[in-house]
Amino acid sequence: MVQILIWAAAILVIPSTMAAAQEPAAAPAPSTDDVVMPDYYVAPGDMLRIAVWKEPEVSADVMVRLDGRITVPLVGDMRAAGRTPEQLTNEVRTRLRAFLEVPVVTITVAQANSARFFLFGEVARAGLYPLTSRMTVLQALAMAGGFREFAKRDQVLILRERAGTRTVLRVNFRELVQGLNLEQNVVLESGDTVIVP
């Protein structure tokens, strides 16, 4: 009798373990570390926090002026617009070596007031939009309420200026919604202008 019970239990366990072995392994969740975000480029209107370790009189919050420059204690005026916080940190650190033995400098964007993009043309709500998080051109078009009736959906343009260099990116919305050429769904950067003819 005991042998029959053991044999019955084995029959019940084997199929369930075989079924478990046949199930495909779950795909790993995509890591947020794999998403490459574009660098942030400082622009007029941004508020920068300059922190120099153990030097409170040199540390300051400074606004990027309309001419794209900032005034740093001991350093004076320097160009900030069109540069990353890391580039600014390196330059301030280098310039402060004339006054401090080993300056430890950190520059962060306290307020990204310039983080915005423009959307013009044949969309429901054209205008200026804040860029408060990662946003692709498709998300921007959705935020603007989509296309108007006569919009040329295969001729969307993104005008981008970075460090004095102007580029034009072309986006074919019709291809994107069909799952083709997905690299056209670019992540917008501060100052981008999206035009829907």
# chains A, B, ... in the order shown; residues from 1 in each chain; ligands from 1
>>> residues_around(residues="Leu48 of chain A", least_positions_apart="2", cutoff="10 Å", atoms="only C-alpha atoms", output="PyMOL selection string")
chain A and resi 42+45-46+50-51+60-64+70+80+85+107-112
>>> write_last_selection(atoms="N, CA and C atoms", output="mmCIF file, in the first residue's frame")
data_model
loop_
_atom_site.group_PDB
_atom_site.id
_atom_site.type_symbol
_atom_site.label_atom_id
_atom_site.label_comp_id
_atom_site.auth_asym_id
_atom_site.auth_seq_id
_atom_site.Cartn_x
_atom_site.Cartn_y
_atom_site.Cartn_z
ATOM 1 N N VAL A 42 23.847 73.787 -21.138
ATOM 2 C CA VAL A 42 23.402 74.979 -20.427
ATOM 3 C C VAL A 42 22.967 76.041 -21.430
ATOM 4 N N GLY A 45 19.177 81.697 -18.976
ATOM 5 C CA GLY A 45 18.019 81.509 -18.110
ATOM 6 C C GLY A 45 18.217 80.417 -17.079
ATOM 7 N N ASP A 46 19.160 79.515 -17.312
ATOM 8 C CA ASP A 46 19.421 78.446 -16.345
ATOM 9 C C ASP A 46 20.079 79.012 -15.090
ATOM 10 N N ILE A 50 27.302 76.603 -8.123
ATOM 11 C CA ILE A 50 28.750 76.359 -8.102
ATOM 12 C C ILE A 50 29.153 76.103 -6.658
ATOM 13 N N ALA A 51 29.632 74.905 -6.373
ATOM 14 C CA ALA A 51 30.051 74.540 -5.018
ATOM 15 C C ALA A 51 31.534 74.215 -5.034
ATOM 16 N N ALA A 60 28.591 79.724 -5.149
ATOM 17 C CA ALA A 60 27.516 80.675 -5.449
ATOM 18 C C ALA A 60 26.489 80.045 -6.376
ATOM 19 N N ASP A 61 25.285 80.615 -6.369
ATOM 20 C CA ASP A 61 24.265 80.307 -7.373
ATOM 21 C C ASP A 61 24.307 81.435 -8.391
ATOM 22 N N VAL A 62 24.473 81.093 -9.653
ATOM 23 C CA VAL A 62 24.578 82.117 -10.690
ATOM 24 C C VAL A 62 23.596 81.835 -11.815
ATOM 25 N N MET A 63 23.061 82.902 -12.374
ATOM 26 C CA MET A 63 22.129 82.804 -13.497
ATOM 27 C C MET A 63 22.901 82.978 -14.803
ATOM 28 N N VAL A 64 22.587 82.148 -15.780
ATOM 29 C CA VAL A 64 23.196 82.307 -17.109
ATOM 30 C C VAL A 64 22.488 83.473 -17.795
ATOM 31 N N ILE A 70 28.346 83.633 -17.440
ATOM 32 C CA ILE A 70 28.120 83.681 -16.002
ATOM 33 C C ILE A 70 29.314 84.379 -15.352
ATOM 34 N N ALA A 80 29.086 80.086 -20.634
ATOM 35 C CA ALA A 80 28.431 78.896 -20.095
ATOM 36 C C ALA A 80 27.467 78.263 -21.100
ATOM 37 N N PRO A 85 27.462 70.924 -17.869
ATOM 38 C CA PRO A 85 27.943 71.217 -16.516
ATOM 39 C C PRO A 85 29.331 70.632 -16.255
ATOM 40 N N ILE A 107 29.653 71.724 -10.295
ATOM 41 C CA ILE A 107 28.652 72.631 -10.862
ATOM 42 C C ILE A 107 27.450 71.804 -11.289
ATOM 43 N N THR A 108 26.293 72.181 -10.770
ATOM 44 C CA THR A 108 25.054 71.489 -11.112
ATOM 45 C C THR A 108 24.038 72.501 -11.626
ATOM 46 N N VAL A 109 23.037 71.998 -12.334
ATOM 47 C CA VAL A 109 21.951 72.848 -12.813
ATOM 48 C C VAL A 109 20.885 72.874 -11.721
ATOM 49 N N ALA A 110 20.780 73.998 -11.026
ATOM 50 C CA ALA A 110 19.802 74.123 -9.944
ATOM 51 C C ALA A 110 18.396 74.281 -10.503
ATOM 52 N N GLN A 111 18.260 75.052 -11.581
ATOM 53 C CA GLN A 111 16.971 75.230 -12.251
ATOM 54 C C GLN A 111 17.207 75.246 -13.752
ATOM 55 N N ALA A 112 16.589 74.307 -14.443
ATOM 56 C CA ALA A 112 16.738 74.224 -15.900
ATOM 57 C C ALA A 112 15.643 75.059 -16.554
#
>>> select_by_dssp(residues="segment 63-167 of chain A", states="strand (DSSP E)", output="PyMOL selection string")
chain A and resi 63+69-72+76-79+105-111+116-121+127-130+156-162+165-167
>>> select_by_dssp(residues="chain A", states="alpha helix (DSSP H)", output="PyMOL selection string")
chain A and resi 2-22+85-96+137-143+173-177
>>> residues_around(residues="Val196 of chain A", least_positions_apart="2", cutoff="12 Å", atoms="only C-alpha atoms", output="ChimeraX atom specification")
/A:118-126,137,140-141,144,146-159,170-173,193-194
>>> closest_residue(among="A:Val168, A:Leu74, A:Leu182, A:Val177", to="Ile195 of chain A", atoms="only C-alpha atoms")
A:Val168
>>> closest_residue(among="A:Arg65, A:Ala115, A:Ala81, A:Trp53", to="Arg93 of chain A", atoms="only C-alpha atoms")
A:Trp53
>>> atom_distance(atom1="atom CA of Leu96 of chain A", atom2="atom CA of Val75 of chain A")
6.7 Å
>>> residues_around(residues="Leu66 of chain A", least_positions_apart="3", cutoff="9 Å", atoms="only C-alpha atoms", output="number ranges by chain")
A: 43-45, 69
>>> atom_distance(atom1="atom CA of Arg160 of chain A", atom2="atom CA of Met135 of chain A")
14.8 Å
>>> closest_residue(among="A:Gly68, A:Pro103, A:Pro56, A:Pro130", to="Ser190 of chain A", atoms="only C-alpha atoms")
A:Pro130
>>> closest_residue(among="A:Lys54, A:Arg174, A:Arg79, A:Arg116", to="Tyr40 of chain A", atoms="only C-alpha atoms")
A:Arg116
